[in-house]
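One structure is given below, encoded as structure tokens.
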Number of protein chains: 4
Amino acid sequence: MSHRGNRHGRSEEARQSILRAADDLLVEKGFAQLTMEGIATRAGVAKQTIYRWWPSKTDVLLDALGTDYAEDLNPPDTGALRDDLRAHLAHLADYLAHSDAGAVFRALTGQAQHDAALAARLRAEHLTQQRARDRLPLERAVERGELPAGSDLDDLVDRLVGPIYYRVLVTGRPVPPEFVDALIRGAVG
Amino acid sequence: MSHRGNRHGRSEEARQSILRAADDLLVEKGFAQLTMEGIATRAGVAKQTIYRWWPSKTDVLLDALGTDYAEDLNPPDTGALRDDLRAHLAHLADYLAHSDAGAVFRALTGQAQHDAALAARLRAEHLTQQRARDRLPLERAVERGELPAGSDLDDLVDRLVGPIYYRVLVTGRPVPPEFVDALIRGAVG
Amino acid sequence: MSHRGNRHGRSEEARQSILRAADDLLVEKGFAQLTMEGIATRAGVAKQTIYRWWPSKTDVLLDALGTDYAEDLNPPDTGALRDDLRAHLAHLADYLAHSDAGAVFRALTGQAQHDAALAARLRAEHLTQQRARDRLPLERAVERGELPAGSDLDDLVDRLVGPIYYRVLVTGRPVPPEFVDALIRGAVG
Amino acid sequence: MSHRGNRHGRSEEARQSILRAADDLLVEKGFAQLTMEGIATRAGVAKQTIYRWWPSKTDVLLDALGTDYAEDLNPPDTGALRDDLRAHLAHLADYLAHSDAGAVFRALTGQAQHDAALAARLRAEHLTQQRARDRLPLERAVERGELPAGSDLDDLVDRLVGPIYYRVLVTGRPVPPEFVDALIRGAVG
DNA sequence: GGCTAACCGAGACGGTACGTCCAGTCTTCGT
DNA sequence: ACGAAGACTGGACGTACCGTCTCGGTTAGCC
């Protein structure tokens, strides 16, 4: 069932190897050394096949970021807000700083500083969903009465994850459990 | 004081027009469209003159970021911690999001996601000083007894400024005074 | 009589529209801008349909040159050698320089300078016949005793038509009747 | 005295190796397989250096044709028209059909069938001079009284060289001395 | 007051990657 | 069985910048 160049439309085989090659090369050589020609060569694909489906290397990366992001970062539901947050934020910090998908995210966020259109797509296609996942423990806590009903959950999310993103993207400092605990105390008491 | 061809060392005139051109072009066309050739043309300078003094365009920007950063972001000393922080954090948010120097900072931070050496220089030459300025109100509060002596001020700084950087660099959401107040309440009670 | 997707052998409709498209495009845009894709699009035909029947664009043109060449350039038989030649050579010159088929011939001859196989086919499939037609008046003159029996007619043909091809292909100068007369005098007295 | 990239202007070294590479590759692989990239690689030169000075590969070839053409084809001056022509036309035929410069000429003439601008340049920069050389023996014969004063020398030149070009460019037949003699007899008695 | 060192502009150079175009092949569906 | 459609690999196109280089011109500061 591998369609290569026919009227069924695009080759899933080529698509996979391109995304894989982009991911690998980003991790190996970094965003600046990531080129369309390099991806094509590594993927064993013609350059035109990449350009046919993606306008630029950032679009390939946006696609490569794809489902990984969505699936990996679902917070647990232990029934206790602080436990949920402790686990989720630690996972988030580790994911952003050390996973391959995290590397792609950092690269795209970096590029988004120079490219407003990319910034918009990154927010629409990934950040929104991620923030929804980040909110889940807080929403459940409101339902359980652990948090007051009128809380501004978006602001709470920012106060919880903002310092983590800051350390990962800006200062490069690690995010130990104690720091996560302090964040939680500051945000939800 | 215009040295064109002399034995007194580099031309201050050329230096200024290069930094100016880099700054302007960054704001006008963005980091990706900022090229050494473009800077040279705009500055009316030979490419070699740029390469003689700066290894890359990020180094020019690091230099252009220069003293502005240092001078502009000194927190006030009102004698009351919360007032100091309110003013300083609001100023910081505005500066990062809307000033020309903020644009340079965002561009460099973006590039630092792909360039570890740049990340290191950016931290050493700018972030460290900025964080020191961010700490000042907290240090004075400790001296005044407003904060307990053993507080981890670095962690407090991260909890105060982290969400601001997060909004500026990642979500693009604005930083209204109410959000700053919530940050302050969460961090220093 | 329109076969589109059938089991009756190739579509004469497609064949005609391809040859027609090739001819038109050659005249409109020139050989260099003539592409297989362009022919396919203009003819409303899939590229593969062209490749199924012709290996290259020059083969399409060889085919397009087709029967036109053969039919159009038969010399008259007035019974007088010089009259036959005068009419035939003037017609030949006009045909080569100004007709659509002449444009195809010039293009193929040009391409044959870079492609020995094409040169061979062009000679075998067109030039040989054309030279046979060019010889006809001479052969009839030998039969009538207007020319001596041992004459090398091939050399005579070259001396008659060579300068015409030279003007058309190389210098671009016109071929007026006086020049044709001079040619005839030089070749057959 | 080899200037590589300085304000003296272009590198003569690069110019020579490009022309040489173009010439060699044309002879080795033919016009169709001659590419700008191939020339650049063979010449050990950047593509941009070729494009800086020549708009297309035909312009490189026009330049490569250069002085060779001019120098090599000067007719002798024996004092006897028929001897001059016999030697010159034999030389011309051999040159066109068998020399490297002849291969370049044939390729350019072929390409000129598809490119009117090239045809114009080829005539202006090479054919005109060559025809002037071809006329020389005739002009000297007029001065000596070997030919009548009113002769149309241009037409005579065409009748002498036309069949030779025709054989070289169109039929591919050889040009033996007997054919040259017949040409001379037909044109100048 | 000419010499000379240091810096300047200009711009050609060898390279790398860009994004586009077309060649020629292949696979499927519909007629 | 054939034609239309169109995705595929491959390779050259012509362009934009990269970072390096060599040169001639200008201007102190020194003999």
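For the structure tokens, the naming scheme is as follows: chains receive sequential letters (A, B, ...) according to their order of presentation, residues are indexed from 1 within each chain, and ligands are indexed from 1 in presentation order.
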
Each chain F residue no farther than 12 Å from chain D, nearest pair in Å, only C-alpha atoms (C1' of nucleotides), as a Markdown table:
| residue | atom | partner | partner_atom | distance |
| --- | --- | --- | --- | --- |
| F:DG11 | C1' | D:Glu37 | CA | 10.3 |
| F:DA12 | C1' | D:Thr35 | CA | 7.3 |
| F:DC13 | C1' | D:Met36 | CA | 8.7 |
| F:DG14 | C1' | D:Tyr51 | CA | 8.3 |
| F:DT15 | C1' | D:Gln48 | CA | 8.9 |
| F:DA16 | C1' | D:Gln48 | CA | 10.3 |
| F:DC17 | C1' | D:Gln48 | CA | 11.6 |
| F:DT20 | C1' | D:Gly5 | CA | 9.7 |
| F:DC21 | C1' | D:Gly5 | CA | 6.6 |
| F:DT22 | C1' | D:Asn6 | CA | 4.8 |
| F:DC23 | C1' | D:Arg7 | CA | 5.4 |
| F:DG24 | C1' | D:Arg7 | CA | 7.9 |
| F:DG25 | C1' | D:Arg7 | CA | 12.0 |

Practice problem: Fewer than 6 positions away in the same chain doesn't count, so skip those; otherwise give me all residues within 8 Å of A:Leu153, counting only C-alpha atoms (C1' of nucleotides), as JSON, numbers by chain. | Solution: {"A": [135, 138, 139]}

How about saving the chosen residues, N, CA, C and O atoms kept, as a PDB file, in the first residue's frame?
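again00.pdb, freshly written:
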ATOM      1  N   ARG A 135      -4.067  23.538  31.438  1.00  0.00           N
ATOM      2  CA  ARG A 135      -5.204  23.997  32.245  1.00  0.00           C
ATOM      3  C   ARG A 135      -5.963  22.866  32.910  1.00  0.00           C
ATOM      4  O   ARG A 135      -6.660  23.085  33.920  1.00  0.00           O
ATOM      5  N   LEU A 138      -6.115  22.360  36.626  1.00  0.00           N
ATOM      6  CA  LEU A 138      -6.752  23.486  37.311  1.00  0.00           C
ATOM      7  C   LEU A 138      -8.274  23.409  37.156  1.00  0.00           C
ATOM      8  O   LEU A 138      -9.019  23.643  38.112  1.00  0.00           O
ATOM      9  N   GLU A 139      -8.725  23.049  35.973  1.00  0.00           N
ATOM     10  CA  GLU A 139     -10.172  22.951  35.762  1.00  0.00           C
ATOM     11  C   GLU A 139     -10.784  21.873  36.643  1.00  0.00           C
ATOM     12  O   GLU A 139     -11.855  22.058  37.231  1.00  0.00           O
TER      13      GLU A 139
END

If you count only C-alpha atoms (C1' of nucleotides), which residues fall within 12 Å of D:Ala141, apart from same-chain ones fewer than 3 positions away, as a PDB file with N, CA and C atoms, in the first residue's frame?
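To be explicit, this is the file written out as part27.pdb:
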ATOM      1  N   ASP D  77      48.485  34.238 -50.362  1.00  0.00           N
ATOM      2  CA  ASP D  77      48.540  35.145 -51.515  1.00  0.00           C
ATOM      3  C   ASP D  77      49.639  34.662 -52.452  1.00  0.00           C
ATOM      4  N   THR D  78      49.243  33.747 -53.355  1.00  0.00           N
ATOM      5  CA  THR D  78      50.239  33.160 -54.264  1.00  0.00           C
ATOM      6  C   THR D  78      50.371  33.959 -55.533  1.00  0.00           C
ATOM      7  N   GLY D  79      49.459  34.896 -55.761  1.00  0.00           N
ATOM      8  CA  GLY D  79      49.485  35.644 -57.009  1.00  0.00           C
ATOM      9  C   GLY D  79      48.587  35.041 -58.069  1.00  0.00           C
ATOM     10  N   ALA D  80      48.084  33.822 -57.811  1.00  0.00           N
ATOM     11  CA  ALA D  80      47.172  33.186 -58.782  1.00  0.00           C
ATOM     12  C   ALA D  80      45.857  32.881 -58.082  1.00  0.00           C
ATOM     13  N   LEU D  81      44.772  33.421 -58.577  1.00  0.00           N
ATOM     14  CA  LEU D  81      43.475  33.308 -57.899  1.00  0.00           C
ATOM     15  C   LEU D  81      43.105  31.862 -57.598  1.00  0.00           C
ATOM     16  N   ARG D  82      43.198  31.004 -58.633  1.00  0.00           N
ATOM     17  CA  ARG D  82      42.750  29.630 -58.431  1.00  0.00           C
ATOM     18  C   ARG D  82      43.570  28.909 -57.355  1.00  0.00           C
ATOM     19  N   ASP D  83      44.869  29.189 -57.324  1.00  0.00           N
ATOM     20  CA  ASP D  83      45.688  28.568 -56.278  1.00  0.00           C
ATOM     21  C   ASP D  83      45.306  29.078 -54.892  1.00  0.00           C
ATOM     22  N   ASP D  84      45.103  30.385 -54.809  1.00  0.00           N
ATOM     23  CA  ASP D  84      44.675  30.952 -53.523  1.00  0.00           C
ATOM     24  C   ASP D  84      43.389  30.283 -53.055  1.00  0.00           C
ATOM     25  N   LEU D  85      42.428  30.204 -53.951  1.00  0.00           N
ATOM     26  CA  LEU D  85      41.128  29.656 -53.564  1.00  0.00           C
ATOM     27  C   LEU D  85      41.229  28.174 -53.213  1.00  0.00           C
ATOM     28  N   ARG D 135      36.853  36.980 -49.087  1.00  0.00           N
ATOM     29  CA  ARG D 135      36.854  37.866 -50.259  1.00  0.00           C
ATOM     30  C   ARG D 135      38.256  38.246 -50.725  1.00  0.00           C
ATOM     31  N   LEU D 136      39.200  38.211 -49.822  1.00  0.00           N
ATOM     32  CA  LEU D 136      40.529  38.746 -50.129  1.00  0.00           C
ATOM     33  C   LEU D 136      41.106  38.253 -51.450  1.00  0.00           C
ATOM     34  N   PRO D 137      41.144  36.942 -51.690  1.00  0.00           N
ATOM     35  CA  PRO D 137      41.728  36.478 -52.962  1.00  0.00           C
ATOM     36  C   PRO D 137      40.998  37.068 -54.157  1.00  0.00           C
ATOM     37  N   LEU D 138      39.686  37.212 -54.027  1.00  0.00           N
ATOM     38  CA  LEU D 138      38.912  37.769 -55.133  1.00  0.00           C
ATOM     39  C   LEU D 138      39.269  39.236 -55.353  1.00  0.00           C
ATOM     40  N   ARG D 144      44.485  42.616 -59.915  1.00  0.00           N
ATOM     41  CA  ARG D 144      45.425  42.095 -60.911  1.00  0.00           C
ATOM     42  C   ARG D 144      44.802  42.004 -62.293  1.00  0.00           C
ATOM     43  N   GLY D 145      43.496  42.212 -62.391  1.00  0.00           N
ATOM     44  CA  GLY D 145      42.825  42.070 -63.679  1.00  0.00           C
ATOM     45  C   GLY D 145      42.435  40.643 -64.020  1.00  0.00           C
ATOM     46  N   GLU D 146      42.586  39.728 -63.053  1.00  0.00           N
ATOM     47  CA  GLU D 146      42.194  38.337 -63.305  1.00  0.00           C
ATOM     48  C   GLU D 146      40.674  38.202 -63.371  1.00  0.00           C
ATOM     49  N   LEU D 147      39.998  39.085 -62.635  1.00  0.00           N
ATOM     50  CA  LEU D 147      38.529  39.083 -62.660  1.00  0.00           C
ATOM     51  C   LEU D 147      38.067  40.436 -63.194  1.00  0.00           C
ATOM     52  N   PRO D 148      36.915  40.452 -63.897  1.00  0.00           N
ATOM     53  CA  PRO D 148      36.396  41.736 -64.387  1.00  0.00           C
ATOM     54  C   PRO D 148      36.049  42.659 -63.231  1.00  0.00           C
ATOM     55  N   ALA D 149      36.178  43.961 -63.475  1.00  0.00           N
ATOM     56  CA  ALA D 149      36.058  44.933 -62.397  1.00  0.00           C
ATOM     57  C   ALA D 149      34.663  44.952 -61.769  1.00  0.00           C
ATOM     58  N   SER D 151      32.532  42.627 -61.024  1.00  0.00           N
ATOM     59  CA  SER D 151      32.014  41.380 -60.434  1.00  0.00           C
ATOM     60  C   SER D 151      31.395  41.617 -59.051  1.00  0.00           C
ATOM     61  N   LEU D 153      31.397  40.461 -55.833  1.00  0.00           N
ATOM     62  CA  LEU D 153      32.254  39.540 -55.070  1.00  0.00           C
ATOM     63  C   LEU D 153      31.490  38.824 -53.952  1.00  0.00           C
ATOM     64  N   VAL D 188      34.517  31.114 -60.901  1.00  0.00           N
ATOM     65  CA  VAL D 188      35.417  32.065 -61.541  1.00  0.00           C
ATOM     66  C   VAL D 188      35.989  31.525 -62.849  1.00  0.00           C
TER      67      VAL D 188
END

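Here atom CA of A:His91 is placed at a distance of 26.1 Å from atom CA of B:Arg185.
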
Quiz item: Do you know which residues are at most 10 Å from D:Phe105 counting only C-alpha atoms (C1' of nucleotides), after dropping those on the same chain fewer than 3 positions away, and could you put them as a ChimeraX atom specification?
Solution: /C:113 /D:61-62,64-65,69,95-97,99-102,108-111,122,126

Kindly export the residues of the current selection with all heavy atoms, as a short mmCIF file (atom, residue, chain, number, x, y, z; two decimals), in the first residue's frame.
data_model
loop_
_atom_site.label_atom_id
_atom_site.label_comp_id
_atom_site.auth_asym_id
_atom_site.auth_seq_id
_atom_site.Cartn_x
_atom_site.Cartn_y
_atom_site.Cartn_z
N GLN C 113 23.26 19.82 -35.12
CA GLN C 113 24.66 20.17 -34.89
C GLN C 113 25.13 19.67 -33.54
O GLN C 113 26.33 19.53 -33.29
CB GLN C 113 24.88 21.69 -34.98
CG GLN C 113 24.41 22.31 -36.26
CD GLN C 113 24.99 21.65 -37.51
OE1 GLN C 113 26.17 21.36 -37.55
NE2 GLN C 113 24.13 21.41 -38.51
N LEU D 61 30.81 30.56 -25.30
CA LEU D 61 31.32 29.94 -26.51
C LEU D 61 31.70 30.98 -27.57
O LEU D 61 32.73 30.83 -28.25
CB LEU D 61 30.29 28.97 -27.09
CG LEU D 61 30.11 27.68 -26.28
CD1 LEU D 61 29.01 26.82 -26.89
CD2 LEU D 61 31.41 26.88 -26.20
N LEU D 62 30.88 32.01 -27.69
CA LEU D 62 31.22 33.08 -28.62
C LEU D 62 32.60 33.64 -28.29
O LEU D 62 33.40 33.93 -29.19
CB LEU D 62 30.20 34.21 -28.52
CG LEU D 62 29.03 34.18 -29.49
CD1 LEU D 62 28.06 35.30 -29.19
CD2 LEU D 62 29.52 34.31 -30.92
N ALA D 64 34.91 32.04 -26.55
CA ALA D 64 35.91 30.98 -26.77
C ALA D 64 36.26 30.87 -28.24
O ALA D 64 37.42 30.60 -28.60
CB ALA D 64 35.38 29.65 -26.25
N LEU D 65 35.28 31.09 -29.10
CA LEU D 65 35.54 31.04 -30.53
C LEU D 65 36.61 32.07 -30.87
O LEU D 65 37.51 31.84 -31.66
CB LEU D 65 34.23 31.37 -31.27
CG LEU D 65 34.17 31.06 -32.75
CD1 LEU D 65 34.59 29.63 -33.00
CD2 LEU D 65 32.78 31.30 -33.29
N TYR D 69 39.43 31.80 -34.56
CA TYR D 69 38.76 31.90 -35.84
C TYR D 69 39.51 32.89 -36.73
O TYR D 69 39.92 32.60 -37.84
CB TYR D 69 37.34 32.37 -35.60
CG TYR D 69 36.36 31.96 -36.67
CD1 TYR D 69 34.99 32.05 -36.42
CD2 TYR D 69 36.76 31.49 -37.90
CE1 TYR D 69 34.07 31.68 -37.37
CE2 TYR D 69 35.84 31.12 -38.86
CZ TYR D 69 34.50 31.21 -38.59
OH TYR D 69 33.60 30.86 -39.54
N TYR D 95 38.82 23.09 -41.54
CA TYR D 95 38.66 23.82 -40.28
C TYR D 95 37.24 23.68 -39.74
O TYR D 95 37.02 23.34 -38.58
CB TYR D 95 38.98 25.28 -40.55
CG TYR D 95 38.95 26.16 -39.34
CD1 TYR D 95 40.06 26.30 -38.53
CD2 TYR D 95 37.80 26.85 -39.00
CE1 TYR D 95 40.04 27.11 -37.42
CE2 TYR D 95 37.77 27.68 -37.89
CZ TYR D 95 38.90 27.80 -37.10
OH TYR D 95 38.85 28.59 -36.01
N LEU D 96 36.25 23.92 -40.59
CA LEU D 96 34.86 23.86 -40.14
C LEU D 96 34.48 22.45 -39.68
O LEU D 96 33.78 22.27 -38.68
CB LEU D 96 33.92 24.28 -41.28
CG LEU D 96 33.93 25.75 -41.66
CD1 LEU D 96 33.03 25.98 -42.87
CD2 LEU D 96 33.48 26.61 -40.50
N ALA D 97 34.96 21.47 -40.41
CA ALA D 97 34.50 20.11 -40.14
C ALA D 97 35.27 19.42 -39.03
O ALA D 97 34.72 18.59 -38.32
CB ALA D 97 34.58 19.28 -41.41
N SER D 99 38.19 20.92 -36.85
CA SER D 99 38.92 21.55 -35.74
C SER D 99 38.00 21.75 -34.53
O SER D 99 36.78 21.69 -34.63
CB SER D 99 39.46 22.92 -36.18
OG SER D 99 38.39 23.84 -36.26
N ASP D 100 38.61 21.98 -33.37
CA ASP D 100 37.83 22.29 -32.18
C ASP D 100 37.04 23.58 -32.37
O ASP D 100 35.87 23.66 -32.02
CB ASP D 100 38.76 22.43 -30.97
CG ASP D 100 39.20 21.07 -30.46
OD1 ASP D 100 38.91 20.05 -31.11
OD2 ASP D 100 39.85 21.03 -29.40
N ALA D 101 37.71 24.58 -32.93
CA ALA D 101 37.00 25.84 -33.15
C ALA D 101 35.84 25.63 -34.12
O ALA D 101 34.77 26.23 -33.99
CB ALA D 101 37.95 26.90 -33.69
N GLY D 102 36.02 24.73 -35.09
CA GLY D 102 34.94 24.42 -36.01
C GLY D 102 33.76 23.81 -35.27
O GLY D 102 32.60 24.12 -35.57
N LEU D 108 27.38 26.83 -32.33
CA LEU D 108 26.78 28.15 -32.25
C LEU D 108 25.84 28.40 -33.42
O LEU D 108 24.76 28.98 -33.26
CB LEU D 108 27.87 29.22 -32.20
CG LEU D 108 28.60 29.30 -30.87
CD1 LEU D 108 29.79 30.25 -30.98
CD2 LEU D 108 27.66 29.78 -29.77
N THR D 109 26.23 27.95 -34.59
CA THR D 109 25.35 28.12 -35.74
C THR D 109 24.06 27.32 -35.53
O THR D 109 22.97 27.78 -35.86
CB THR D 109 26.06 27.66 -37.02
OG1 THR D 109 27.24 28.43 -37.19
CG2 THR D 109 25.16 27.85 -38.23
N GLY D 110 24.21 26.13 -34.96
CA GLY D 110 23.02 25.34 -34.65
C GLY D 110 22.12 26.09 -33.69
O GLY D 110 20.91 26.24 -33.91
N GLN D 111 22.72 26.60 -32.62
CA GLN D 111 21.93 27.31 -31.63
C GLN D 111 21.32 28.58 -32.22
O GLN D 111 20.22 28.98 -31.84
CB GLN D 111 22.83 27.64 -30.43
CG GLN D 111 22.08 27.87 -29.14
CD GLN D 111 21.23 26.69 -28.76
OE1 GLN D 111 21.42 25.58 -29.24
NE2 GLN D 111 20.22 26.92 -27.92
N LEU D 122 26.65 36.37 -33.83
CA LEU D 122 27.56 35.48 -34.53
C LEU D 122 27.95 36.09 -35.87
O LEU D 122 29.12 36.05 -36.28
CB LEU D 122 26.85 34.14 -34.74
CG LEU D 122 27.70 32.95 -35.22
CD1 LEU D 122 28.87 32.71 -34.29
CD2 LEU D 122 26.82 31.70 -35.28
N HIS D 126 31.77 37.39 -36.00
CA HIS D 126 32.64 36.38 -36.61
C HIS D 126 32.45 36.25 -38.11
O HIS D 126 33.41 36.29 -38.86
CB HIS D 126 32.43 35.04 -35.92
CG HIS D 126 32.83 35.05 -34.50
ND1 HIS D 126 34.15 35.01 -34.09
CD2 HIS D 126 32.11 35.18 -33.37
CE1 HIS D 126 34.21 35.09 -32.78
NE2 HIS D 126 32.99 35.19 -32.31
#

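With distances restricted to only C-alpha atoms, C:Ala107 is the closest residue to chain D from C:Val157, C:Ala90, C:Ala107, C:Val180.
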